[in-house]
Amino acid sequence: MAKNYDHTKIEKKWQSIWEKKKIYQAQNSSKKSKYYSLIEFPYPSGDGLHVGHPRPYIGMDVISRKKRMEGYNVLYPIGWDAFGLPTENYAIKTGKDPRIVTKKNTGTFRRQIKSLGISFDWSREINTTDPKYYKWTQWIFLQFLKKGLAYKKKMLINWCPKDKIGLANEEVVNSCCERCGTPVEKREKEQWMLAITKYAERLDRDLDTVDFLPHIKLAQKNWIGKSEGATIQFVINNSKLSIEVFTTRPDTIFGATFLALAPELAKKITGKDFGIKVDTDRENRDKIGIDTGLKAKNPANSEMIPVYVVNYVSVDYGTGAIMGVPADDERDREFAEKYKLPIIENYKKAGFEEFGKKVTTFKLRDWIFSRQRYWGEPIPVIFCEDCGVVPVPEKDLPVLLPKVKNYQPTESGESPLANISKWVNVKCPKCKGKAKRETDTMPNWAGSSWYYLRYTDPKNTKEFASRKKLNYWLGTDPAEGGVDWYNGGNEHTTLHLLYSRFWHKFLFDLGLVPTSEPYKKRTSHGLILAEGGEKMSKSRGNVINPDDIVARFGADTLRVYEMFMGPFDQAIAWNEEAIIGPRRFLERVWKVATQIQKNFSGLLQPSAGTFPVQNSSVSALHKTIKKVSEDIEGMRFNTVISALMIFLNENPTMPKEVYEIFLKLLAPFAPHITEELWQLLGHKQSIHLEPWPKYDLSRIKDTEIKIVVQVNGKVRGEIIVPAETGEDEIKSKALTEGSVSKYISSTPKKVIYVKGRLINIVV
RNA sequence: GGGCAAGUAGCCGAACUGGUAUAGGCGCUGGUCUUAGGAACCAGUGGAGAAAUCCGUGGGGGUUCGAGUCCCCCCUUGCCCACCA
């Protein structure tokens, strides 16, 4: 055996052996139970991987490896979410074809990820920019269109004048473009929309059926924003016209002294533009309003009350009109005081539905699905002068993204595709008349809304995935199935996660997927920040490249460090100094093996899962198996490593049988070194195909227990007694314990005994 | 303004349903091996004090035999949302 642990000699070697033997490839049918674990597939940026990327991959790798050892047929796939702005902006700057740039970037990412020994099934690698893939993204869009859930709408969109692109509400942060920080403008434009609001109720309700971390469920619920309220009609000027207001407090109607309309609604009703805009500025909260001159009749008391157009009511929530109840609403009070409107302090409360109609409303808006950009899936639609909107026939899919010379969006805000007349001008598929292609592309959320389905059957040319394979990997119980465990970033909780649940439910309604939810379980990880706690980014110049760490310390050290550095779900700063700890730990693991080989070489057979070892470390070993097994399930990876370190510190030498179990516990975290040592100890098969160690509760029990003795809540001593000693005996022993008795001057008032832990004597 | 997290040694962090606070790691100090150095090994490491002992989990109250953990008020930080009726 080699004297020293040299990661450079073993990591590449095992990676290529594993690949050759295909030990991480998932089987599409198996006697084993299936397990589908998933990470969010990366966007292959030109900067390559930084050390923050692998944290979730390693976490789910540990889970996946443990599941394999527990006898599951595990699917742990990887791919590329490769459409998107950074690549396109790079293409604009350099004139390089985004296809070439993407190929280069995915090459870098692939090489870097492979160097970490993650047990991905690379045979299922997918890429959203591959026409064989986006053919099905377009196909799903056509199904939305067919069902009337994709529709065109003229609307004011958020427009980034720098990126020259329409932005979804979600991409606008503090009135600025999320990407470049330029203040957004409003522009009127025809946009494709997806009617996610039709699914709002189910997206909300079905959260009760899935195992998502509580904060994830809550964030989704808040985003969907379901609220119960009522709409109430206010008749205008004794005419037939009426204004419908939405309120969650219809009982306060006797206190209503004015109506407040969103500017857009006021324009629609009166035909006049009052020059008021809803302020999105977070600082400026001044209430502004103009009396429209209209009077509305309060149905509760028949009072005629004024109708104002105001800057604090949004048109796209509720009905765009509210009733002002100054006595009960802070904003209404502020407004009423400013404009000297009556405030009725004490009024009669009405019944909930006495004057209105009970309704449910949601904050969730329909999804703006058009982008005026090049590097995205072309929306497969043709506009015919006679037939109108015509879907591209399914046999003509995919609508290939054509090559262009200039990737710049046009000044008019149209996609660069609009400049390619050869591509744009086509015959109508229906009437063969003159027609034009849609030049908008899809947002980069499209391809990621269904990718987990494609992994089950990535090469299928007939369907997005065969039903048989979907049934196998997702399960056939509509209420129970889905990807078994999906871990991802918190930043995707409200967008990607919600969008993909929506697509999945739609496909479920079409009978194309077997389950009503895509993911059974969802957890999240914390970001790795740069030293000093700042976000890691190229522009800040604080990016750590994993290649350097792998070269210096090895992939196993990097993996153990990333799992050990802190709680998996919390953000944590990179600390280059601390990496040496995990490296030293692995060195010690190696050293134990060399001693075992020296002492037992050739004498012992590989263990068969039991270990007839008679010494005090057996209890500690079983405790460690239990802790490691349970903590991995709870993603408490940091305490797993800590437990393994403690076990090694307390057992600097150990019998071969014990050591082999220790190696198996460590294997999901440090796959290379454990494989090397496993084989050096005489095994022919991979450690990663070994059964996961089992613990025996009866072996964990201690024969003697330590009882802490407190006097008035302060620790004054301890006694050691046989585990089965009764309470009375322990009490009397504690009272006479030498180090304790001097604190007891009088008869104890009370003696409290906590079984097996401590005794507190109150005097 | 609302929601969600969180605040423990010099630093990252442990502590199960209230029960020995600071496990594990980094760093630091001393030592060993070494020509030397180290990413090696061993020992020590919350504060005050000569000691007994006392004080210590953001601050202040409270409940309890006992509080990092539960309750109330406040402060700070991070994330998400925001005039949502």
# chains A, B, ... in the order shown; residues from 1 in each chain; ligands from 1

$ interface_residues --of "chain A" --to "chain B" --cutoff "8 Å" --atoms "only C-alpha atoms (C1' of nucleotides)" --output "mmCIF file with N, CA and C atoms, in the first residue's frame"
data_model
loop_
_atom_site.group_PDB
_atom_site.id
_atom_site.type_symbol
_atom_site.label_atom_id
_atom_site.label_comp_id
_atom_site.auth_asym_id
_atom_site.auth_seq_id
_atom_site.Cartn_x
_atom_site.Cartn_y
_atom_site.Cartn_z
ATOM 1 N N HIS A 215 -40.857 26.864 4.977
ATOM 2 C CA HIS A 215 -40.660 28.226 4.460
ATOM 3 C C HIS A 215 -40.884 28.267 2.946
ATOM 4 N N ALA A 219 -43.651 30.645 1.204
ATOM 5 C CA ALA A 219 -43.292 31.612 0.164
ATOM 6 C C ALA A 219 -44.199 31.442 -1.054
ATOM 7 N N PHE A 246 -63.407 45.619 -4.520
ATOM 8 C CA PHE A 246 -63.049 44.403 -3.807
ATOM 9 C C PHE A 246 -62.603 44.777 -2.401
ATOM 10 N N THR A 247 -63.068 44.002 -1.427
ATOM 11 C CA THR A 247 -62.645 44.247 -0.048
ATOM 12 C C THR A 247 -62.582 42.929 0.717
ATOM 13 N N THR A 248 -61.621 42.859 1.643
ATOM 14 C CA THR A 248 -61.602 41.693 2.534
ATOM 15 C C THR A 248 -62.419 41.987 3.794
ATOM 16 N N ARG A 285 -44.382 57.670 -0.460
ATOM 17 C CA ARG A 285 -45.661 57.034 -0.136
ATOM 18 C C ARG A 285 -46.757 58.087 -0.002
ATOM 19 N N TYR A 312 -52.652 55.028 -5.032
ATOM 20 C CA TYR A 312 -52.282 53.908 -4.152
ATOM 21 C C TYR A 312 -53.145 52.669 -4.355
ATOM 22 N N VAL A 313 -53.868 52.616 -5.458
ATOM 23 C CA VAL A 313 -54.647 51.416 -5.765
ATOM 24 C C VAL A 313 -54.161 50.860 -7.103
ATOM 25 N N TYR A 317 -54.923 44.230 -9.024
ATOM 26 C CA TYR A 317 -55.279 43.431 -7.864
ATOM 27 C C TYR A 317 -56.741 43.674 -7.517
ATOM 28 N N ILE A 322 -61.402 50.332 -4.670
ATOM 29 C CA ILE A 322 -61.648 49.996 -3.267
ATOM 30 C C ILE A 322 -62.653 50.989 -2.688
ATOM 31 N N MET A 323 -63.249 50.574 -1.556
ATOM 32 C CA MET A 323 -64.051 51.550 -0.829
ATOM 33 C C MET A 323 -63.175 52.078 0.301
ATOM 34 N N ARG A 331 -54.239 53.682 5.357
ATOM 35 C CA ARG A 331 -54.014 54.420 4.110
ATOM 36 C C ARG A 331 -55.218 55.279 3.779
ATOM 37 N N LYS A 363 -53.062 37.191 -5.751
ATOM 38 C CA LYS A 363 -52.058 38.164 -6.193
ATOM 39 C C LYS A 363 -51.375 37.697 -7.465
ATOM 40 N N MET A 565 -18.668 22.712 6.399
ATOM 41 C CA MET A 565 -18.448 24.117 6.731
ATOM 42 C C MET A 565 -19.582 24.774 7.512
ATOM 43 N N GLY A 566 -20.777 24.240 7.413
ATOM 44 C CA GLY A 566 -21.875 24.829 8.179
ATOM 45 C C GLY A 566 -23.174 24.187 7.760
ATOM 46 N N GLU A 577 -8.640 28.975 4.754
ATOM 47 C CA GLU A 577 -7.811 28.447 5.845
ATOM 48 C C GLU A 577 -8.368 27.151 6.417
ATOM 49 N N ALA A 578 -9.703 27.039 6.427
ATOM 50 C CA ALA A 578 -10.337 25.935 7.148
ATOM 51 C C ALA A 578 -10.358 24.635 6.353
ATOM 52 N N ILE A 580 -8.034 22.866 5.397
ATOM 53 C CA ILE A 580 -7.012 21.935 5.845
ATOM 54 C C ILE A 580 -7.572 20.925 6.868
ATOM 55 N N GLY A 581 -8.630 21.333 7.599
ATOM 56 C CA GLY A 581 -9.221 20.424 8.591
ATOM 57 C C GLY A 581 -9.705 19.130 7.957
ATOM 58 N N PRO A 582 -10.602 19.209 6.974
ATOM 59 C CA PRO A 582 -11.053 18.010 6.275
ATOM 60 C C PRO A 582 -9.904 17.227 5.622
ATOM 61 N N THR A 639 -22.950 17.802 10.821
ATOM 62 C CA THR A 639 -22.841 17.004 12.038
ATOM 63 C C THR A 639 -22.475 15.551 11.714
ATOM 64 N N SER A 642 -18.736 15.700 11.536
ATOM 65 C CA SER A 642 -18.265 15.856 12.901
ATOM 66 C C SER A 642 -18.319 14.516 13.653
ATOM 67 N N ALA A 643 -19.394 13.766 13.467
ATOM 68 C CA ALA A 643 -19.524 12.465 14.146
ATOM 69 C C ALA A 643 -18.447 11.489 13.664
ATOM 70 N N MET A 645 -15.509 12.337 12.492
ATOM 71 C CA MET A 645 -14.230 12.802 13.052
ATOM 72 C C MET A 645 -14.088 12.335 14.493
ATOM 73 N N ILE A 646 -15.169 12.473 15.253
ATOM 74 C CA ILE A 646 -15.121 12.056 16.659
ATOM 75 C C ILE A 646 -14.818 10.562 16.748
ATOM 76 N N VAL A 708 -25.577 13.509 36.258
ATOM 77 C CA VAL A 708 -25.066 14.789 36.732
ATOM 78 C C VAL A 708 -25.864 15.205 37.966
ATOM 79 N N ASN A 712 -29.470 23.255 43.514
ATOM 80 C CA ASN A 712 -30.093 24.517 43.090
ATOM 81 C C ASN A 712 -29.767 24.869 41.643
ATOM 82 N N GLY A 713 -29.732 23.861 40.815
ATOM 83 C CA GLY A 713 -29.538 24.121 39.390
ATOM 84 C C GLY A 713 -28.091 24.277 38.971
ATOM 85 N N VAL A 715 -24.240 22.625 38.672
ATOM 86 C CA VAL A 715 -23.577 21.323 38.640
ATOM 87 C C VAL A 715 -22.556 21.231 39.779
ATOM 88 N N LYS A 750 -36.748 19.566 47.788
ATOM 89 C CA LYS A 750 -37.263 18.872 46.635
ATOM 90 C C LYS A 750 -36.082 18.215 45.922
ATOM 91 N N VAL A 751 -36.299 17.038 45.383
ATOM 92 C CA VAL A 751 -35.260 16.412 44.564
ATOM 93 C C VAL A 751 -35.876 16.010 43.228
ATOM 94 N N ILE A 752 -35.344 16.576 42.169
ATOM 95 C CA ILE A 752 -35.889 16.279 40.843
ATOM 96 C C ILE A 752 -34.944 15.347 40.106
ATOM 97 N N VAL A 754 -34.225 13.504 36.469
ATOM 98 C CA VAL A 754 -34.490 13.346 35.045
ATOM 99 C C VAL A 754 -33.829 12.046 34.616
ATOM 100 N N ARG A 757 -30.241 11.127 33.192
ATOM 101 C CA ARG A 757 -29.498 12.339 32.852
ATOM 102 C C ARG A 757 -28.959 13.079 34.070
ATOM 103 N N LEU A 758 -29.888 13.583 34.864
ATOM 104 C CA LEU A 758 -29.408 14.385 35.980
ATOM 105 C C LEU A 758 -30.370 14.377 37.148
ATOM 106 N N ASN A 760 -31.444 17.058 40.393
ATOM 107 C CA ASN A 760 -31.313 18.422 40.902
ATOM 108 C C ASN A 760 -31.863 18.471 42.318
ATOM 109 N N ILE A 761 -30.987 18.841 43.261
ATOM 110 C CA ILE A 761 -31.387 18.894 44.667
ATOM 111 C C ILE A 761 -31.661 20.345 45.039
ATOM 112 N N VAL A 762 -32.873 20.636 45.457
ATOM 113 C CA VAL A 762 -33.249 22.008 45.796
ATOM 114 C C VAL A 762 -33.234 22.148 47.304
#

$ select_by_dssp --residues "range 292-397 of chain A" --states "strand (DSSP E or B)" --output "NGL selection string"
:A and (292-297 or 304-310 or 321-324 or 357-361 or 367-368 or 371 or 378 or 381-384 or 388-391)

$ atom_distance --atom1 "CA of Pro416 in chain A" --atom2 "CA of Ala91 in chain A"
12.3 Å

$ residues_around --residues "range 45-47 of chain B" --least-positions-apart "3" --cutoff "12 Å" --atoms "only C-alpha atoms (C1' of nucleotides)" --output "list in words"
U8, A9, G10, A21, U22, G27, C28, U29, G30, C54, C55, G56 and U57 of chain B
